[in-house]
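Visitor: File name coords-v1.tsv; file contents TSV, N, CA and C atoms; full text below.
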chain	number	residue	atom	x	y	z
A	315	MET	N	141.53	-54.28	62.84
A	315	MET	CA	140.52	-55.28	63.04
A	315	MET	C	140.70	-56.36	61.98
A	316	ALA	N	140.60	-57.58	62.36
A	316	ALA	CA	140.75	-58.71	61.44
A	316	ALA	C	139.39	-59.34	61.21
A	317	SER	N	139.19	-59.81	60.01
A	317	SER	CA	137.96	-60.54	59.72
A	317	SER	C	138.35	-61.90	59.15
A	318	VAL	N	137.58	-62.87	59.52
A	318	VAL	CA	137.85	-64.23	59.08
A	318	VAL	C	136.62	-64.73	58.32
A	319	THR	N	136.87	-65.24	57.16
A	319	THR	CA	135.80	-65.81	56.35
A	319	THR	C	136.13	-67.27	56.10
A	320	SER	N	135.19	-68.10	56.32
A	320	SER	CA	135.42	-69.52	56.04
A	320	SER	C	134.33	-70.02	55.12
A	321	ASN	N	134.71	-70.84	54.21
A	321	ASN	CA	133.77	-71.45	53.27
A	321	ASN	C	133.88	-72.95	53.45
A	322	ILE	N	133.10	-73.47	54.35
A	322	ILE	CA	133.15	-74.89	54.64
A	322	ILE	C	132.06	-75.58	53.82
A	323	PRO	N	132.46	-76.48	52.95
A	323	PRO	CA	131.45	-77.17	52.14
A	323	PRO	C	130.55	-78.04	53.02
A	324	ALA	N	129.30	-78.12	52.59
A	324	ALA	CA	128.35	-78.94	53.33
A	324	ALA	C	128.74	-80.40	53.19
A	325	ALA	N	128.67	-81.11	54.27
A	325	ALA	CA	129.04	-82.52	54.24
A	325	ALA	C	128.02	-83.33	55.03
A	326	GLY	N	127.99	-84.59	54.76
A	326	GLY	CA	127.13	-85.48	55.51
A	326	GLY	C	125.66	-85.25	55.28
A	327	PHE	N	124.91	-85.23	56.38
A	327	PHE	CA	123.46	-85.10	56.32
A	327	PHE	C	123.02	-83.81	55.63
A	328	SER	N	123.69	-82.72	55.93
A	328	SER	CA	123.33	-81.42	55.36
A	328	SER	C	123.41	-81.44	53.83
A	329	ALA	N	124.46	-82.02	53.30
A	329	ALA	CA	124.62	-82.08	51.85
A	329	ALA	C	123.55	-82.96	51.22
A	330	LYS	N	123.27	-84.08	51.85
A	330	LYS	CA	122.25	-85.00	51.31
A	330	LYS	C	120.86	-84.37	51.38
A	331	PHE	N	120.59	-83.66	52.47
A	331	PHE	CA	119.30	-83.00	52.60
A	331	PHE	C	119.14	-81.90	51.56
A	332	SER	N	120.19	-81.13	51.33
A	332	SER	CA	120.15	-80.07	50.32
A	332	SER	C	119.93	-80.66	48.93
A	333	ALA	N	120.59	-81.76	48.64
A	333	ALA	CA	120.41	-82.41	47.34
A	333	ALA	C	118.99	-82.94	47.19
A	334	LEU	N	118.43	-83.48	48.25
A	334	LEU	CA	117.06	-83.98	48.22
A	334	LEU	C	116.08	-82.84	47.96
A	335	MET	N	116.26	-81.74	48.66
A	335	MET	CA	115.36	-80.60	48.48
A	335	MET	C	115.48	-80.02	47.07
A	336	ALA	N	116.69	-79.99	46.52
A	336	ALA	CA	116.88	-79.51	45.15
A	336	ALA	C	116.17	-80.42	44.15
A	337	SER	N	116.22	-81.72	44.39
A	337	SER	CA	115.55	-82.68	43.51
A	337	SER	C	114.03	-82.53	43.58
A	338	ILE	N	113.52	-82.37	44.78
A	338	ILE	CA	112.07	-82.18	44.95
A	338	ILE	C	111.63	-80.89	44.26
A	339	SER	N	112.40	-79.84	44.44
A	339	SER	CA	112.07	-78.56	43.82
A	339	SER	C	112.07	-78.67	42.29
A	340	ALA	N	113.07	-79.32	41.74
A	340	ALA	CA	113.14	-79.49	40.28
A	340	ALA	C	111.96	-80.32	39.79
A	341	GLY	N	111.57	-81.33	40.55
A	341	GLY	CA	110.42	-82.14	40.17
A	341	GLY	C	109.12	-81.35	40.18
A	342	LEU	N	108.94	-80.51	41.18
A	342	LEU	CA	107.73	-79.69	41.26
A	342	LEU	C	107.66	-78.69	40.11
A	343	VAL	N	108.79	-78.09	39.78
A	343	VAL	CA	108.82	-77.14	38.66
A	343	VAL	C	108.45	-77.86	37.37
A	344	ALA	N	109.02	-79.02	37.13
A	344	ALA	CA	108.70	-79.79	35.92
A	344	ALA	C	107.22	-80.16	35.88
A	345	TYR	N	106.66	-80.55	37.01
A	345	TYR	CA	105.24	-80.92	37.08
A	345	TYR	C	104.36	-79.72	36.75
A	346	MET	N	104.65	-78.58	37.32
A	346	MET	CA	103.84	-77.39	37.08
A	346	MET	C	103.95	-76.93	35.63
A	347	GLU	N	105.13	-77.03	35.05
A	347	GLU	CA	105.28	-76.65	33.65
A	347	GLU	C	104.51	-77.59	32.75
A	348	ARG	N	104.45	-78.85	33.09
A	348	ARG	CA	103.72	-79.83	32.30
A	348	ARG	C	102.21	-79.61	32.39
A	349	ARG	N	101.76	-79.10	33.52
A	349	ARG	CA	100.32	-78.91	33.72
A	349	ARG	C	99.79	-77.60	33.13
A	350	THR	N	100.67	-76.78	32.57
A	350	THR	CA	100.19	-75.52	32.02
A	350	THR	C	99.22	-75.79	30.87
A	351	ARG	N	98.27	-74.98	30.75
A	351	ARG	CA	97.24	-75.20	29.73
A	351	ARG	C	97.19	-74.05	28.74
A	352	SER	N	98.26	-73.27	28.71
A	352	SER	CA	98.28	-72.13	27.80
A	352	SER	C	98.24	-72.57	26.34
A	353	GLU	N	98.82	-73.75	26.05
A	353	GLU	CA	98.78	-74.23	24.67
A	353	GLU	C	97.34	-74.55	24.25
A	354	GLN	N	96.58	-75.15	25.16
A	354	GLN	CA	95.18	-75.46	24.86
A	354	GLN	C	94.39	-74.17	24.63
A	355	ILE	N	94.61	-73.19	25.47
A	355	ILE	CA	93.89	-71.92	25.33
A	355	ILE	C	94.25	-71.26	24.00
A	356	ALA	N	95.53	-71.24	23.66
A	356	ALA	CA	95.97	-70.64	22.40
A	356	ALA	C	95.36	-71.37	21.20
A	357	ALA	N	95.31	-72.70	21.28
A	357	ALA	CA	94.73	-73.47	20.18
A	357	ALA	C	93.26	-73.16	20.00
A	358	LEU	N	92.53	-73.05	21.11
A	358	LEU	CA	91.11	-72.72	21.01
A	358	LEU	C	90.89	-71.29	20.55
A	359	GLN	N	91.75	-70.38	20.99
A	359	GLN	CA	91.62	-68.98	20.56
A	359	GLN	C	91.85	-68.84	19.05
A	360	SER	N	92.67	-69.72	18.48
A	360	SER	CA	92.95	-69.63	17.04
A	360	SER	C	91.82	-70.20	16.18
A	361	LYS	N	90.90	-70.90	16.78
A	361	LYS	CA	89.77	-71.47	16.03
A	361	LYS	C	88.76	-70.37	15.67
A	362	SER	N	88.01	-70.65	14.63
A	362	SER	CA	86.96	-69.71	14.23
A	362	SER	C	85.76	-69.86	15.17
A	363	ASP	N	84.87	-68.89	15.11
A	363	ASP	CA	83.67	-68.96	15.95
A	363	ASP	C	82.81	-70.17	15.57
A	364	ALA	N	82.80	-70.54	14.29
A	364	ALA	CA	82.02	-71.70	13.87
A	364	ALA	C	82.60	-72.99	14.45
A	365	GLU	N	83.93	-73.09	14.47
A	365	GLU	CA	84.56	-74.28	15.05
A	365	GLU	C	84.30	-74.36	16.55
A	366	LEU	N	84.34	-73.21	17.22
A	366	LEU	CA	84.04	-73.19	18.65
A	366	LEU	C	82.59	-73.58	18.90
A	367	ALA	N	81.69	-73.13	18.02
A	367	ALA	CA	80.28	-73.47	18.17
A	367	ALA	C	80.07	-74.97	18.05
A	368	LYS	N	80.85	-75.65	17.19
A	368	LYS	CA	80.75	-77.11	17.08
A	368	LYS	C	81.14	-77.78	18.39
A	369	LEU	N	82.06	-77.15	19.13
A	369	LEU	CA	82.45	-77.68	20.44
A	369	LEU	C	81.45	-77.30	21.53
A	370	GLY	N	80.55	-76.38	21.19
A	370	GLY	CA	79.54	-75.95	22.14
A	370	GLY	C	80.01	-74.87	23.10
A	371	ILE	N	81.02	-74.09	22.70
A	371	ILE	CA	81.53	-73.02	23.55
A	371	ILE	C	81.66	-71.72	22.77
A	372	THR	N	81.71	-70.64	23.49
A	372	THR	CA	81.99	-69.33	22.89
A	372	THR	C	83.38	-68.90	23.32
A	373	ARG	N	83.88	-67.82	22.73
A	373	ARG	CA	85.22	-67.33	23.09
A	373	ARG	C	85.32	-66.98	24.58
A	374	GLU	N	84.27	-66.45	25.13
A	374	GLU	CA	84.28	-66.07	26.54
A	374	GLU	C	84.37	-67.29	27.46
A	375	GLU	N	83.95	-68.43	26.96
A	375	GLU	CA	83.92	-69.65	27.77
A	375	GLU	C	85.19	-70.50	27.64
A	376	ILE	N	86.17	-70.06	26.85
A	376	ILE	CA	87.37	-70.86	26.63
A	376	ILE	C	88.11	-71.17	27.94
A	377	PRO	N	88.40	-70.19	28.80
A	377	PRO	CA	89.10	-70.55	30.05
A	377	PRO	C	88.32	-71.54	30.91
A	378	ALA	N	87.02	-71.34	31.02
A	378	ALA	CA	86.21	-72.27	31.81
A	378	ALA	C	86.21	-73.67	31.18
A	379	TYR	N	86.22	-73.74	29.85
A	379	TYR	CA	86.25	-75.01	29.15
A	379	TYR	C	87.57	-75.74	29.38
A	380	VAL	N	88.67	-75.00	29.30
A	380	VAL	CA	90.00	-75.60	29.47
A	380	VAL	C	90.20	-76.10	30.91
A	381	PHE	N	89.72	-75.32	31.88
A	381	PHE	CA	89.90	-75.68	33.29
A	381	PHE	C	88.68	-76.34	33.89
A	382	ARG	N	87.82	-76.93	33.08
A	382	ARG	CA	86.56	-77.49	33.57
A	382	ARG	C	86.75	-78.63	34.57
A	383	ASP	N	87.87	-79.32	34.49
A	383	ASP	CA	88.10	-80.42	35.42
A	383	ASP	C	88.61	-79.94	36.77
A	384	LEU	N	89.01	-78.68	36.87
A	384	LEU	CA	89.53	-78.14	38.13
A	384	LEU	C	88.54	-77.28	38.87
A	385	PHE	N	87.64	-76.64	38.14
A	385	PHE	CA	86.71	-75.69	38.76
A	385	PHE	C	85.28	-76.00	38.33
A	386	TYR	N	84.38	-75.80	39.24
A	386	TYR	CA	82.97	-75.91	38.94
A	386	TYR	C	82.42	-74.49	38.90
A	387	VAL	N	81.99	-74.07	37.72
A	387	VAL	CA	81.49	-72.70	37.57
A	387	VAL	C	80.01	-72.73	37.33
The structure in this file should be written as structure tokens.
Guide:
Amino acid sequence: MASVTSNIPAAGFSAKFSALMASISAGLVAYMERRTRSEQIAALQSKSDAELAKLGITREEIPAYVFRDLFYV
């Protein structure tokens, strides 16, 4: 029994479409990484309770405070 394998590189529309989708995917990943708020949460967690009280929040309220523009709690 013979087997034939061919590796035909994508050309024309297919190659351009694949490149477009790769660019869109890379852009979405960069956007989501930029929107992460873990740094804000870590910064607030490192503050003392007195400093948090000046902001008007408690430790339990840190996630709600950081994401206050996205969720109504």
Visitor: Which residues, written as a PDB file with N, CA and C atoms, in the coordinates of the input, have at least one atom at most 8 Å from stretch 345-359 of chain A, with all atoms listed in the file counted and residues fewer than 5 positions away on the same chain left out?
Guide:
ATOM      1  N   SER A 339     112.400 -79.840  44.440  1.00  0.00           N
ATOM      2  CA  SER A 339     112.070 -78.560  43.820  1.00  0.00           C
ATOM      3  C   SER A 339     112.070 -78.670  42.290  1.00  0.00           C
ATOM      4  N   ALA A 340     113.070 -79.320  41.740  1.00  0.00           N
ATOM      5  CA  ALA A 340     113.140 -79.490  40.280  1.00  0.00           C
ATOM      6  C   ALA A 340     111.960 -80.320  39.790  1.00  0.00           C
ATOM      7  N   LEU A 366      84.340 -73.210  17.220  1.00  0.00           N
ATOM      8  CA  LEU A 366      84.040 -73.190  18.650  1.00  0.00           C
ATOM      9  C   LEU A 366      82.590 -73.580  18.900  1.00  0.00           C
ATOM     10  N   ARG A 373      83.880 -67.820  22.730  1.00  0.00           N
ATOM     11  CA  ARG A 373      85.220 -67.330  23.090  1.00  0.00           C
ATOM     12  C   ARG A 373      85.320 -66.980  24.580  1.00  0.00           C
ATOM     13  N   ILE A 376      86.170 -70.060  26.850  1.00  0.00           N
ATOM     14  CA  ILE A 376      87.370 -70.860  26.630  1.00  0.00           C
ATOM     15  C   ILE A 376      88.110 -71.170  27.940  1.00  0.00           C
ATOM     16  N   PRO A 377      88.400 -70.190  28.800  1.00  0.00           N
ATOM     17  CA  PRO A 377      89.100 -70.550  30.050  1.00  0.00           C
ATOM     18  C   PRO A 377      88.320 -71.540  30.910  1.00  0.00           C
ATOM     19  N   VAL A 380      88.670 -75.000  29.300  1.00  0.00           N
ATOM     20  CA  VAL A 380      90.000 -75.600  29.470  1.00  0.00           C
ATOM     21  C   VAL A 380      90.200 -76.100  30.910  1.00  0.00           C
ATOM     22  N   PHE A 381      89.720 -75.320  31.880  1.00  0.00           N
ATOM     23  CA  PHE A 381      89.900 -75.680  33.290  1.00  0.00           C
ATOM     24  C   PHE A 381      88.680 -76.340  33.890  1.00  0.00           C
TER      25      PHE A 381
END
Visitor: Just list the residues in stretch 315-362 of chain A DSSP gives alpha helix (DSSP H) on the backbone, as an NGL selection string.
Guide: :A and (327-348 or 352-359)
Visitor: Using atom CA of A:Ser317 and atom N of A:Phe331 as the two end points, give the distance in Å to one decimal.
Guide: 29.8 Å
Visitor: Mind working out the centre and edge lengths of an axis-aligned box for stretch 355-359 of chain A, all listed atoms inside, 4 Å added to each side, rounded to one decimal in Å and written as AutoDock Vina command-line options?
Guide:
--center_x 93.4 --center_y -71.2 --center_z 22.3 --size_x 13.1 --size_y 12.6 --size_z 14.4
Visitor: Have a look at atom C of A:Ser360 and atom C of A:Thr372 and let me know their distance in Å, one decimal.
Guide: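 Separation of atom C of A:Ser360 and atom C of A:Thr372: 11.1 Å.
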Visitor: Between atom CA of A:Ala336 and atom C of A:Thr319, measure the distance and give it in Å to one decimal.
Guide: 25.3 Å
